[in-house]
file upload_8.cif (mmCIF, C-alpha atoms and all ligand atoms)
data_input
#
loop_
_atom_site.label_atom_id
_atom_site.label_comp_id
_atom_site.auth_asym_id
_atom_site.auth_seq_id
_atom_site.Cartn_x
_atom_site.Cartn_y
_atom_site.Cartn_z
CA MET A 1254 -27.07 11.53 26.20
CA THR A 1255 -23.80 11.99 24.39
CA MET A 1256 -21.33 9.59 22.79
CA ARG A 1257 -17.75 9.68 21.47
CA ALA A 1258 -17.30 10.13 17.72
CA ILE A 1259 -14.71 11.01 15.09
CA LEU A 1260 -16.00 14.01 13.13
CA LEU A 1261 -15.17 15.34 9.66
CA GLN A 1262 -16.14 19.02 9.22
CA LYS A 1263 -14.27 19.82 5.97
CA TYR A 1264 -12.51 18.06 3.10
CA GLY A 1265 -8.78 17.67 3.58
CA SER A 1266 -6.73 14.97 5.24
CA GLU A 1267 -6.83 12.76 8.33
CA ASN A 1268 -5.53 15.80 10.24
CA ASP A 1269 -8.96 17.39 9.79
CA LEU A 1270 -10.65 14.68 11.85
CA THR A 1271 -11.62 15.61 15.41
CA PHE A 1272 -12.49 13.42 18.39
CA GLU A 1273 -15.60 14.81 20.08
CA GLN A 1274 -18.68 14.23 22.20
CA VAL A 1275 -21.89 14.41 20.13
CA ASP A 1276 -25.54 13.52 20.72
CA LYS A 1277 -26.29 9.81 20.81
CA PRO A 1278 -28.68 9.01 17.92
CA ASP A 1279 -32.25 7.71 18.40
CA PRO A 1280 -33.46 4.95 16.06
CA ALA A 1281 -36.41 5.74 13.76
CA ASP A 1282 -39.27 3.21 13.58
CA ASP A 1283 -37.47 1.20 10.86
CA GLU A 1284 -33.97 1.49 12.38
CA VAL A 1285 -31.70 -0.48 14.68
CA LEU A 1286 -29.42 1.27 17.19
CA VAL A 1287 -26.08 -0.55 17.34
CA ARG A 1288 -23.52 -0.13 20.10
CA VAL A 1289 -20.36 -0.17 18.02
CA HIS A 1290 -17.54 -2.43 19.14
CA ALA A 1291 -15.39 -2.22 16.01
CA SER A 1292 -15.10 -0.64 12.58
CA SER A 1293 -12.33 -0.62 9.97
CA VAL A 1294 -10.68 1.54 7.31
CA ASN A 1295 -11.72 1.26 3.66
CA ASP A 1296 -11.26 3.24 0.46
CA TRP A 1297 -14.58 4.90 1.26
CA GLU A 1298 -13.16 6.70 4.30
CA LEU A 1299 -10.20 8.08 2.37
CA GLY A 1300 -12.50 9.19 -0.46
CA ILE A 1301 -14.88 10.95 1.94
CA ILE A 1302 -12.05 12.73 3.80
CA GLU A 1303 -10.45 13.98 0.57
CA GLY A 1304 -13.72 14.50 -1.34
CA LYS A 1305 -12.22 12.54 -4.23
CA PRO A 1306 -12.71 11.58 -6.96
CA TYR A 1307 -14.31 15.01 -7.45
CA PHE A 1308 -17.40 13.70 -9.28
CA MET A 1309 -18.32 11.89 -6.04
CA ARG A 1310 -19.01 15.32 -4.49
CA VAL A 1311 -22.39 15.16 -6.25
CA PHE A 1312 -23.23 12.60 -3.54
CA LEU A 1313 -20.77 13.57 -0.81
CA GLY A 1314 -21.43 17.36 -0.85
CA PHE A 1315 -19.85 19.96 -3.15
CA PHE A 1316 -18.04 22.25 -0.73
CA LYS A 1317 -18.17 20.37 2.55
CA PRO A 1318 -18.86 16.75 3.42
CA LYS A 1319 -22.46 15.79 4.14
CA ILE A 1320 -21.18 12.72 5.98
CA LYS A 1321 -19.90 13.95 9.32
CA ILE A 1322 -19.24 10.56 10.92
CA MET A 1323 -17.57 8.00 8.66
CA GLY A 1324 -17.16 4.27 9.24
CA THR A 1325 -18.31 1.81 6.57
CA GLU A 1326 -17.96 -1.51 8.35
CA VAL A 1327 -19.49 -2.10 11.75
CA ALA A 1328 -19.53 -4.90 14.31
CA GLY A 1329 -21.46 -4.44 17.53
CA VAL A 1330 -24.48 -5.23 19.68
CA VAL A 1331 -28.09 -4.15 19.11
CA GLU A 1332 -28.99 -1.69 21.85
CA ALA A 1333 -32.50 -0.70 20.73
CA VAL A 1334 -34.88 -1.30 17.81
CA GLY A 1335 -37.62 0.81 16.19
CA LYS A 1336 -41.18 -0.52 16.29
CA ASP A 1337 -41.12 -1.75 12.67
CA VAL A 1338 -37.89 -3.77 13.01
CA ARG A 1339 -38.48 -7.54 12.73
CA LYS A 1340 -35.15 -9.24 12.08
CA PHE A 1341 -33.11 -8.09 15.10
CA LYS A 1342 -33.67 -8.13 18.84
CA VAL A 1343 -31.95 -6.15 21.58
CA GLY A 1344 -28.71 -7.89 22.54
CA ALA A 1345 -28.08 -9.48 19.11
CA ASN A 1346 -24.47 -9.45 17.88
CA VAL A 1347 -24.43 -7.92 14.40
CA TYR A 1348 -22.06 -6.78 11.66
CA GLY A 1349 -22.38 -5.23 8.21
CA ASP A 1350 -21.59 -2.59 5.61
CA LEU A 1351 -23.20 0.81 6.24
CA CYS A 1352 -22.32 2.48 2.93
CA GLU A 1353 -25.99 2.56 1.88
CA ASN A 1354 -27.02 3.60 5.38
CA LYS A 1355 -25.09 6.87 5.75
CA PHE A 1356 -21.98 5.27 7.33
CA GLY A 1357 -21.38 6.37 10.97
CA ALA A 1358 -19.46 3.52 12.66
CA TYR A 1359 -16.61 5.77 13.89
CA ALA A 1360 -18.68 6.42 17.03
CA ASP A 1361 -20.00 4.64 20.11
CA TYR A 1362 -23.45 4.21 18.51
CA VAL A 1363 -24.88 4.16 15.00
CA CYS A 1364 -28.42 3.80 13.62
CA THR A 1365 -29.04 1.70 10.53
CA LYS A 1366 -31.92 0.20 8.63
CA GLU A 1367 -32.15 -3.59 8.85
CA ASN A 1368 -30.46 -4.02 5.46
CA GLY A 1369 -27.23 -2.49 6.86
CA ILE A 1370 -26.48 -5.45 9.12
CA GLY A 1371 -26.66 -9.21 9.54
CA HIS A 1372 -25.98 -11.56 12.43
CA LYS A 1373 -22.26 -11.62 13.32
CA PRO A 1374 -20.25 -14.84 12.90
CA THR A 1375 -20.26 -16.59 16.28
CA ASN A 1376 -16.61 -17.69 16.00
CA LEU A 1377 -15.09 -14.24 15.40
CA SER A 1378 -14.40 -11.36 17.77
CA PHE A 1379 -15.98 -7.98 17.00
CA ASP A 1380 -12.61 -6.71 15.72
CA GLN A 1381 -12.27 -9.66 13.33
CA SER A 1382 -15.89 -9.35 12.20
CA ALA A 1383 -15.42 -5.69 11.23
CA ALA A 1384 -12.83 -6.87 8.69
CA VAL A 1385 -15.24 -9.04 6.72
CA PRO A 1386 -18.41 -7.53 5.17
CA HIS A 1387 -17.10 -4.92 2.72
CA ALA A 1388 -13.97 -6.59 1.32
CA GLY A 1389 -15.50 -10.06 1.69
CA LEU A 1390 -18.54 -9.20 -0.41
CA LEU A 1391 -16.47 -7.36 -3.02
CA ALA A 1392 -14.55 -10.64 -3.41
CA LEU A 1393 -17.59 -12.94 -3.17
CA GLN A 1394 -19.79 -10.99 -5.59
CA SER A 1395 -16.90 -10.75 -8.08
CA LEU A 1396 -15.82 -14.38 -7.97
CA ARG A 1397 -19.16 -16.11 -7.47
CA ASP A 1398 -21.81 -13.84 -8.99
CA ILE A 1399 -19.92 -12.30 -11.92
CA ALA A 1400 -16.99 -14.57 -12.80
CA ASP A 1401 -18.59 -17.89 -11.73
CA PHE A 1402 -15.11 -19.05 -10.67
CA LYS A 1403 -15.07 -22.85 -10.29
CA ALA A 1404 -13.02 -26.00 -9.75
CA GLY A 1405 -10.12 -26.55 -12.12
CA GLN A 1406 -9.78 -22.89 -13.10
CA THR A 1407 -6.90 -20.46 -12.78
CA LEU A 1408 -7.25 -17.03 -11.16
CA LEU A 1409 -5.00 -13.99 -10.95
CA ILE A 1410 -5.74 -11.31 -8.31
CA ASN A 1411 -4.14 -7.95 -9.05
CA GLY A 1412 -3.60 -5.95 -5.83
CA ALA A 1413 -3.84 -9.22 -3.90
CA GLY A 1414 -2.25 -8.18 -0.59
CA GLY A 1415 -5.12 -5.93 0.56
CA GLY A 1416 -8.56 -6.54 2.03
CA VAL A 1417 -10.19 -8.04 -1.08
CA GLY A 1418 -7.19 -10.19 -2.04
CA CYS A 1419 -6.73 -11.73 1.44
CA LEU A 1420 -10.39 -12.87 1.50
CA GLY A 1421 -10.60 -13.55 -2.26
CA ILE A 1422 -7.80 -16.16 -2.11
CA GLN A 1423 -9.71 -18.07 0.58
CA LEU A 1424 -12.98 -17.99 -1.37
CA ALA A 1425 -11.13 -19.21 -4.47
CA LYS A 1426 -9.37 -22.03 -2.62
CA MET A 1427 -12.69 -23.50 -1.53
CA HIS A 1428 -12.86 -24.94 -5.06
CA LYS A 1429 -10.87 -28.05 -5.91
CA ASN A 1430 -7.82 -28.04 -8.13
CA VAL A 1431 -7.53 -24.29 -8.64
CA ARG A 1432 -4.35 -22.24 -9.04
CA VAL A 1433 -4.30 -18.69 -7.71
CA THR A 1434 -1.65 -16.09 -8.55
CA GLY A 1435 -1.37 -12.86 -6.57
CA VAL A 1436 0.20 -9.60 -7.77
CA ASP A 1437 1.37 -6.96 -5.30
CA SER A 1438 4.43 -5.06 -4.07
CA THR A 1439 7.65 -6.64 -2.72
CA GLU A 1440 6.81 -6.17 0.95
CA LYS A 1441 3.44 -7.96 0.64
CA LEU A 1442 4.69 -11.12 -1.08
CA GLU A 1443 5.80 -13.04 2.03
CA HIS A 1444 2.42 -12.48 3.67
CA MET A 1445 0.64 -13.56 0.48
CA ALA A 1446 2.63 -16.79 0.27
CA LEU A 1447 1.41 -17.57 3.82
CA LEU A 1448 -2.16 -17.11 2.56
CA SER A 1449 -1.52 -19.99 0.13
CA PHE A 1450 -1.27 -18.16 -3.16
CA ASP A 1451 0.32 -20.69 -5.54
CA GLU A 1452 2.41 -18.01 -7.19
CA VAL A 1453 3.17 -14.39 -6.34
CA ILE A 1454 4.28 -11.67 -8.75
CA ASP A 1455 6.00 -8.45 -7.67
CA TYR A 1456 4.44 -5.68 -9.77
CA THR A 1457 7.45 -3.44 -9.13
CA LYS A 1458 9.64 -5.96 -11.00
CA GLN A 1459 7.36 -7.80 -13.41
CA ASP A 1460 4.29 -6.98 -15.50
CA PHE A 1461 1.77 -9.82 -15.30
CA THR A 1462 0.38 -8.96 -18.74
CA GLU A 1463 3.80 -9.51 -20.33
CA LEU A 1464 4.75 -12.89 -18.82
CA GLY A 1465 3.04 -15.01 -21.48
CA LYS A 1466 0.68 -16.64 -18.94
CA GLN A 1467 -3.10 -16.65 -19.29
CA TYR A 1468 -5.82 -17.10 -16.65
CA ASP A 1469 -9.50 -18.09 -16.70
CA VAL A 1470 -10.39 -15.26 -14.33
CA ILE A 1471 -8.64 -12.01 -13.37
CA LEU A 1472 -9.91 -10.14 -10.29
CA ASP A 1473 -8.53 -6.60 -10.10
CA THR A 1474 -8.59 -4.25 -7.10
CA LYS A 1475 -6.43 -1.55 -8.71
CA SER A 1476 -7.34 -1.36 -12.43
CA THR A 1477 -3.84 -0.42 -13.47
CA ARG A 1478 -3.93 -1.86 -17.03
CA SER A 1479 -5.80 -1.16 -20.26
CA PRO A 1480 -8.29 -3.72 -21.65
CA SER A 1481 -5.88 -4.59 -24.50
CA ASP A 1482 -3.05 -5.30 -22.01
CA ILE A 1483 -5.36 -7.40 -19.83
CA ALA A 1484 -6.56 -9.39 -22.85
CA LYS A 1485 -3.00 -10.72 -23.22
CA ALA A 1486 -3.24 -12.36 -19.77
CA LEU A 1487 -6.80 -13.68 -20.19
CA LYS A 1488 -7.61 -17.04 -21.78
CA PRO A 1489 -10.14 -17.15 -24.64
CA ASP A 1490 -13.63 -17.14 -23.00
CA GLY A 1491 -11.94 -15.83 -19.83
CA ILE A 1492 -13.42 -13.08 -17.68
CA TYR A 1493 -11.86 -10.00 -16.10
CA VAL A 1494 -13.65 -8.35 -13.15
CA THR A 1495 -12.50 -5.10 -11.60
CA VAL A 1496 -13.83 -3.84 -8.25
CA GLY A 1497 -12.22 -0.40 -8.52
CA GLY A 1498 -8.92 1.46 -8.39
CA ASP A 1499 -7.84 3.86 -11.15
CA MET A 1500 -11.20 5.44 -12.14
CA ARG A 1501 -10.00 6.39 -15.65
CA ARG A 1502 -9.27 2.72 -16.30
CA VAL A 1503 -12.53 1.60 -14.68
CA PHE A 1504 -14.52 3.83 -17.08
CA GLN A 1505 -12.43 2.54 -19.97
CA ILE A 1506 -13.23 -1.02 -18.98
CA ALA A 1507 -16.93 -0.29 -18.41
CA PHE A 1508 -17.57 1.63 -21.62
CA LEU A 1509 -14.84 1.02 -24.15
CA SER A 1510 -14.01 -2.66 -23.75
CA ARG A 1511 -17.28 -3.69 -25.45
CA PHE A 1512 -16.08 -1.92 -28.62
CA VAL A 1513 -12.69 -3.66 -28.64
CA ARG A 1514 -12.65 -6.30 -31.37
CA ASN A 1515 -12.64 -9.57 -29.47
CA LYS A 1516 -12.95 -12.73 -31.52
CA GLU A 1517 -12.09 -14.95 -28.58
CA ASN A 1518 -14.96 -13.88 -26.33
CA ARG A 1519 -12.96 -12.44 -23.45
CA LYS A 1520 -15.31 -10.58 -21.10
CA PHE A 1521 -14.64 -7.40 -19.11
CA ARG A 1522 -16.86 -6.47 -16.15
CA VAL A 1523 -16.96 -3.80 -13.43
CA LEU A 1524 -18.48 -4.86 -10.11
CA GLY A 1525 -21.10 -2.54 -8.62
CA LEU A 1526 -21.09 -3.70 -4.99
CA LYS A 1527 -24.49 -4.59 -3.55
CA PRO A 1528 -23.77 -3.96 0.14
CA ASN A 1529 -24.64 -6.91 2.42
CA ASN A 1530 -26.01 -8.95 -0.50
CA GLY A 1531 -24.73 -12.45 0.35
CA LEU A 1532 -23.70 -11.50 3.91
CA ASP A 1533 -25.48 -14.49 5.51
CA HIS A 1534 -23.74 -16.82 3.04
CA LEU A 1535 -20.38 -15.23 3.91
CA THR A 1536 -21.19 -15.60 7.63
CA GLY A 1537 -21.75 -19.33 7.04
CA LEU A 1538 -18.36 -19.64 5.32
CA VAL A 1539 -16.67 -17.83 8.20
CA GLU A 1540 -18.41 -20.01 10.81
CA GLY A 1541 -17.41 -23.11 8.82
CA GLY A 1542 -13.76 -22.01 9.11
CA LYS A 1543 -13.42 -21.53 5.34
CA VAL A 1544 -12.78 -17.79 5.53
CA ILE A 1545 -10.62 -16.11 8.18
CA PRO A 1546 -9.99 -12.36 8.00
CA ALA A 1547 -6.42 -11.06 8.07
CA ILE A 1548 -5.94 -8.19 10.52
CA ASP A 1549 -3.10 -5.75 9.87
CA SER A 1550 -3.41 -3.55 12.98
CA ARG A 1551 -5.84 -2.18 15.55
CA TYR A 1552 -6.34 1.42 16.66
CA PRO A 1553 -8.59 2.77 19.43
CA LEU A 1554 -11.32 5.18 18.23
CA GLU A 1555 -9.47 8.32 19.29
CA GLN A 1556 -6.48 7.29 17.14
CA THR A 1557 -8.54 6.96 13.95
CA PRO A 1558 -6.38 9.57 12.14
CA LEU A 1559 -3.35 7.28 12.64
CA ALA A 1560 -5.31 4.36 11.21
CA ILE A 1561 -6.26 6.42 8.15
CA ARG A 1562 -2.62 7.46 7.72
CA ARG A 1563 -1.52 3.83 7.77
CA PHE A 1564 -4.15 3.02 5.10
CA LYS A 1565 -2.87 5.94 2.98
CA GLN A 1566 0.71 4.69 3.28
CA ALA A 1567 -0.62 1.41 1.77
CA SER A 1568 1.75 -0.83 3.69
CA HIS A 1569 -1.11 -2.68 5.43
CA LYS A 1570 -1.40 -6.44 4.98
CA GLY A 1571 -5.08 -7.23 5.58
CA LYS A 1572 -7.50 -4.90 7.34
CA ILE A 1573 -6.90 -1.96 9.65
CA ILE A 1574 -9.36 -2.10 12.56
CA ILE A 1575 -10.82 0.70 14.68
CA SER A 1576 -11.51 -0.86 18.10
CA VAL A 1577 -14.26 1.43 19.35
CA GLU A 1578 -14.86 -0.34 22.66
CA ALA A 1579 -11.18 -0.80 23.45
CA VAL A 1580 -9.74 0.86 26.49
CA SER A 1581 -6.08 -0.03 26.08
CA LEU A 1582 -4.49 -1.89 23.19
CA PRO A 1583 -0.98 -2.93 22.20
CA LEU A 1584 0.70 -0.07 20.38
CA ASN A 1585 1.05 -0.24 16.60
CA ASP A 1586 4.40 0.29 14.90
CA ASP A 1587 3.84 3.89 13.83
CA GLU A 1588 2.61 5.25 17.17
N1 LIG A 1601 -17.14 -1.83 -6.98
C1 LIG A 1601 -17.66 -1.20 -5.95
O1 LIG A 1601 -18.88 -1.00 -5.86
C2 LIG A 1601 -16.74 -0.75 -4.86
C3 LIG A 1601 -17.23 -0.25 -3.63
C4 LIG A 1601 -16.31 0.12 -2.68
C5 LIG A 1601 -14.92 0.01 -2.92
N2 LIG A 1601 -14.49 -0.47 -4.12
C6 LIG A 1601 -13.06 -0.63 -4.47
O2 LIG A 1601 -12.61 -1.87 -3.99
C7 LIG A 1601 -11.19 -1.82 -3.85
C8 LIG A 1601 -10.84 -2.30 -2.46
O3 LIG A 1601 -9.79 -3.19 -2.53
P1 LIG A 1601 -8.95 -3.56 -1.23
O4 LIG A 1601 -9.79 -3.32 -0.02
O5 LIG A 1601 -8.37 -4.89 -1.42
O6 LIG A 1601 -7.82 -2.43 -1.29
P2 LIG A 1601 -6.45 -2.38 -0.50
O7 LIG A 1601 -6.59 -3.05 0.84
O8 LIG A 1601 -5.99 -0.96 -0.57
O9 LIG A 1601 -5.49 -3.33 -1.40
C9 LIG A 1601 -5.04 -2.98 -2.66
C10 LIG A 1601 -3.66 -3.61 -2.86
O10 LIG A 1601 -3.18 -3.28 -4.17
C11 LIG A 1601 -1.77 -3.03 -4.09
N3 LIG A 1601 -1.34 -2.23 -5.24
C12 LIG A 1601 -1.09 -0.90 -5.32
N4 LIG A 1601 -0.69 -0.56 -6.57
C13 LIG A 1601 -0.69 -1.70 -7.30
C14 LIG A 1601 -0.35 -2.00 -8.64
N5 LIG A 1601 0.04 -1.05 -9.51
N6 LIG A 1601 -0.44 -3.28 -9.06
C15 LIG A 1601 -0.84 -4.26 -8.21
N7 LIG A 1601 -1.17 -4.04 -6.90
C16 LIG A 1601 -1.10 -2.77 -6.45
C17 LIG A 1601 -1.62 -2.35 -2.75
O11 LIG A 1601 -0.31 -2.52 -2.22
P3 LIG A 1601 0.88 -1.45 -2.36
O12 LIG A 1601 0.25 -0.09 -2.27
O13 LIG A 1601 1.83 -1.78 -1.26
O14 LIG A 1601 1.46 -1.69 -3.69
C18 LIG A 1601 -2.62 -3.13 -1.88
O15 LIG A 1601 -2.02 -4.24 -1.26
C19 LIG A 1601 -10.78 -0.37 -4.07
O16 LIG A 1601 -10.29 -0.23 -5.37
C20 LIG A 1601 -12.11 0.38 -3.92
O17 LIG A 1601 -12.13 1.58 -4.65
C21 LIG A 1601 -15.39 -0.86 -5.06
#
call {"tool": "encode", "arguments": {"input": "upload_8.cif", "output": "structure tokens", "more": "lines below"}}
Ligand SMILES: NC(=O)c1ccc[n+]([C@@H]2O[C@H](COP(=O)([O-])OP(=O)(O)OC[C@H]3O[C@@H](n4cnc5c(N)ncnc54)[C@H](OP(=O)(O)O)[C@@H]3O)[C@@H](O)[C@H]2O)c1
result
Amino acid sequence: MTMRAILLQKYGSENDLTFEQVDKPDPADDEVLVRVHASSVNDWELGIIEGKPYFMRVFLGFFKPKIKIMGTEVAGVVEAVGKDVRKFKVGANVYGDLCENKFGAYADYVCTKENGIGHKPTNLSFDQSAAVPHAGLLALQSLRDIADFKAGQTLLINGAGGGVGCLGIQLAKMHKNVRVTGVDSTEKLEHMALLSFDEVIDYTKQDFTELGKQYDVILDTKSTRSPSDIAKALKPDGIYVTVGGDMRRVFQIAFLSRFVRNKENRKFRVLGLKPNNGLDHLTGLVEGGKVIPAIDSRYPLEQTPLAIRRFKQASHKGKIIISVEAVSLPLNDDE
């Protein structure tokens, strides 16, 4: 049997993606076959298409991509299970992050080990669910597991209008008496104010490290500043956590910040995402109405290149969804 899939045969741009019929995969004994209803666009997809940063080609393939079918986040229905699978039954609604399970959600079906998925929130559609696991766990693991963000504290999110920021603000606001500041570009600020950021800063007009304000926690999705600049915006004993962005800065933060003289015990950390670690907890928060994903736009599977282009243009507010099951959808602005 065959299925529809978006294929990447060589490094390049979204124009190198092709929409094709390929063989439907069979699950191994320890795998689950998921009928994909929705996926989304993340930094991973752009990195795989471009083969960048170049050092990632050690994992992605030196001259051509080893990953032929991308798609990090998945939401769908279990169609079949291998004989060793215990946690999932045929017909279960599932979602998750496939980055440790060879990706593959830009297709009608994908196989994954059990650790690639969890049970989908009952109150969200498949499209909404595909917006949660990757960005949601980047935010949750940063704020809860590394920064231990709590009631009464102040938080600044740099790059706050994207996937991590839109979920991070909601996780932060679950604590009492917190103030959250978001930094992003002019066009994102109105949307961020709707998400209940207490203050928004336009990075094209102001530099948050030069405003004389200090925060208990800084969560960064872009890593645009040096550790010494960030220290100016961090309270004594405060903690800075970056999830990614400018890799030169990320390395600087990971390796050099520990040598910076720091009498006031400011801490600098880089999050190494543990995919799906905490997913059931996140599902509970979603089902309790505490976390609602923000959707920027939806594209049917065959229009995945347009979705990637929108992500590259960086004007999205929330997540860009690939609706794999969809037959006809409202058109997006750039179609
Ligand atoms: N740690 C890990 O293990 C791991 C794993 C996977 C991914 N990641 C990383 O996680 C991050 C994902 O974040 P995300 O999904 O929220 O990304 P996103 O949706 O692309 O959002 C990033 C936001 O930052 C804004 N921005 C751009 N330049 C900025 C600047 N100079 N100052 C402040 N804001 C700026 C962007 O808006 P404009 O472009 O309009 O300005 C955008 O709204 C990426 O950095 C990715 O590499 C980490």
call {"tool": "residues_around", "arguments": {"input": "upload_8.cif", "residues": "Pro1318 in chain A", "least_positions_apart": "5", "cutoff": "9 Å", "atoms": "all atoms listed in the file", "output": "list in words"}}
result
Leu1261, Gln1262, Lys1263, Tyr1264, Ile1301, Ile1302, Gly1304, Arg1310 and Leu1313 of chain A
call {"tool": "write_last_selection", "arguments": {"input": "upload_8.cif", "atoms": "C-alpha atoms", "output": "mmCIF file, in the coordinates of the input"}}
result
data_model
loop_
_atom_site.group_PDB
_atom_site.id
_atom_site.type_symbol
_atom_site.label_atom_id
_atom_site.label_comp_id
_atom_site.auth_asym_id
_atom_site.auth_seq_id
_atom_site.Cartn_x
_atom_site.Cartn_y
_atom_site.Cartn_z
ATOM 1 C CA LEU A 1261 -15.170 15.340 9.660
ATOM 2 C CA GLN A 1262 -16.140 19.020 9.220
ATOM 3 C CA LYS A 1263 -14.270 19.820 5.970
ATOM 4 C CA TYR A 1264 -12.510 18.060 3.100
ATOM 5 C CA ILE A 1301 -14.880 10.950 1.940
ATOM 6 C CA ILE A 1302 -12.050 12.730 3.800
ATOM 7 C CA GLY A 1304 -13.720 14.500 -1.340
ATOM 8 C CA ARG A 1310 -19.010 15.320 -4.490
ATOM 9 C CA LEU A 1313 -20.770 13.570 -0.810
#
call {"tool": "closest_residue", "arguments": {"input": "upload_8.cif", "among": "A:Val1311, A:Asp1296, A:Leu1351, A:Thr1474", "to": "Ile1561 in chain A", "atoms": "all atoms listed in the file"}}
result
A:Asp1296
call {"tool": "residues_around", "arguments": {"input": "upload_8.cif", "residues": "Thr1271 in chain A", "least_positions_apart": "6", "cutoff": "12 Å", "atoms": "all atoms listed in the file", "output": "count of residues only"}}
result
18
call {"tool": "residues_around", "arguments": {"input": "upload_8.cif", "residues": "Arg1478 in chain A", "least_positions_apart": "4", "cutoff": "12 Å", "atoms": "only C-alpha atoms", "output": "JSON, numbers by chain"}}
result
{"A": [1411, 1412, 1456, 1460, 1461, 1462, 1463, 1471, 1473, 1474, 1482, 1483, 1484, 1485, 1486, 1493, 1495, 1497, 1498, 1499, 1500, 1501, 1502, 1503, 1505, 1506]}
call {"tool": "residues_around", "arguments": {"input": "upload_8.cif", "residues": "Val1496 in chain A", "least_positions_apart": "4", "cutoff": "12 Å", "atoms": "all atoms listed in the file", "output": "PyMOL selection string"}}
result
chain A and resi 1296+1387-1396+1399+1410-1412+1416-1418+1421+1471-1477+1500+1502-1504+1506-1507+1521-1527
call {"tool": "closest_residue", "arguments": {"input": "upload_8.cif", "among": "A:Lys1516, A:Arg1397, A:Lys1441, A:Arg1551", "to": "ligand LIG 1601 (chain A)", "atoms": "only C-alpha atoms and all ligand atoms"}}
result
A:Lys1441
call {"tool": "closest_residue", "arguments": {"input": "upload_8.cif", "among": "A:Ile1320, A:Val1453, A:Val1331, A:Ala1446", "to": "Asn1354 in chain A", "atoms": "all atoms listed in the file"}}
result
A:Ile1320
call {"tool": "residues_around", "arguments": {"input": "upload_8.cif", "residues": "Val1289 in chain A", "least_positions_apart": "3", "cutoff": "12 Å", "atoms": "all atoms listed in the file", "output": "PyMOL selection string"}}
result
chain A and resi 1256-1258+1277+1285-1286+1292-1293+1324-1332+1346-1349+1357-1365+1379-1380+1382-1383+1554+1575-1579
call {"tool": "write_last_selection", "arguments": {"input": "upload_8.cif", "atoms": "C-alpha atoms", "output": "tab-separated table (two decimals), in the coordinates of the input"}}
result
chain	number	residue	atom	x	y	z
A	1256	MET	CA	-21.33	9.59	22.79
A	1257	ARG	CA	-17.75	9.68	21.47
A	1258	ALA	CA	-17.30	10.13	17.72
A	1277	LYS	CA	-26.29	9.81	20.81
A	1285	VAL	CA	-31.70	-0.48	14.68
A	1286	LEU	CA	-29.42	1.27	17.19
A	1292	SER	CA	-15.10	-0.64	12.58
A	1293	SER	CA	-12.33	-0.62	9.97
A	1324	GLY	CA	-17.16	4.27	9.24
A	1325	THR	CA	-18.31	1.81	6.57
A	1326	GLU	CA	-17.96	-1.51	8.35
A	1327	VAL	CA	-19.49	-2.10	11.75
A	1328	ALA	CA	-19.53	-4.90	14.31
A	1329	GLY	CA	-21.46	-4.44	17.53
A	1330	VAL	CA	-24.48	-5.23	19.68
A	1331	VAL	CA	-28.09	-4.15	19.11
A	1332	GLU	CA	-28.99	-1.69	21.85
A	1346	ASN	CA	-24.47	-9.45	17.88
A	1347	VAL	CA	-24.43	-7.92	14.40
A	1348	TYR	CA	-22.06	-6.78	11.66
A	1349	GLY	CA	-22.38	-5.23	8.21
A	1357	GLY	CA	-21.38	6.37	10.97
A	1358	ALA	CA	-19.46	3.52	12.66
A	1359	TYR	CA	-16.61	5.77	13.89
A	1360	ALA	CA	-18.68	6.42	17.03
A	1361	ASP	CA	-20.00	4.64	20.11
A	1362	TYR	CA	-23.45	4.21	18.51
A	1363	VAL	CA	-24.88	4.16	15.00
A	1364	CYS	CA	-28.42	3.80	13.62
A	1365	THR	CA	-29.04	1.70	10.53
A	1379	PHE	CA	-15.98	-7.98	17.00
A	1380	ASP	CA	-12.61	-6.71	15.72
A	1382	SER	CA	-15.89	-9.35	12.20
A	1383	ALA	CA	-15.42	-5.69	11.23
A	1554	LEU	CA	-11.32	5.18	18.23
A	1575	ILE	CA	-10.82	0.70	14.68
A	1576	SER	CA	-11.51	-0.86	18.10
A	1577	VAL	CA	-14.26	1.43	19.35
A	1578	GLU	CA	-14.86	-0.34	22.66
A	1579	ALA	CA	-11.18	-0.80	23.45
call {"tool": "atom_distance", "arguments": {"input": "upload_8.cif", "atom1": "CA of Phe1316 in chain A", "atom2": "atom O12 of ligand LIG 1601 (chain A)"}}
result
28.9 Å
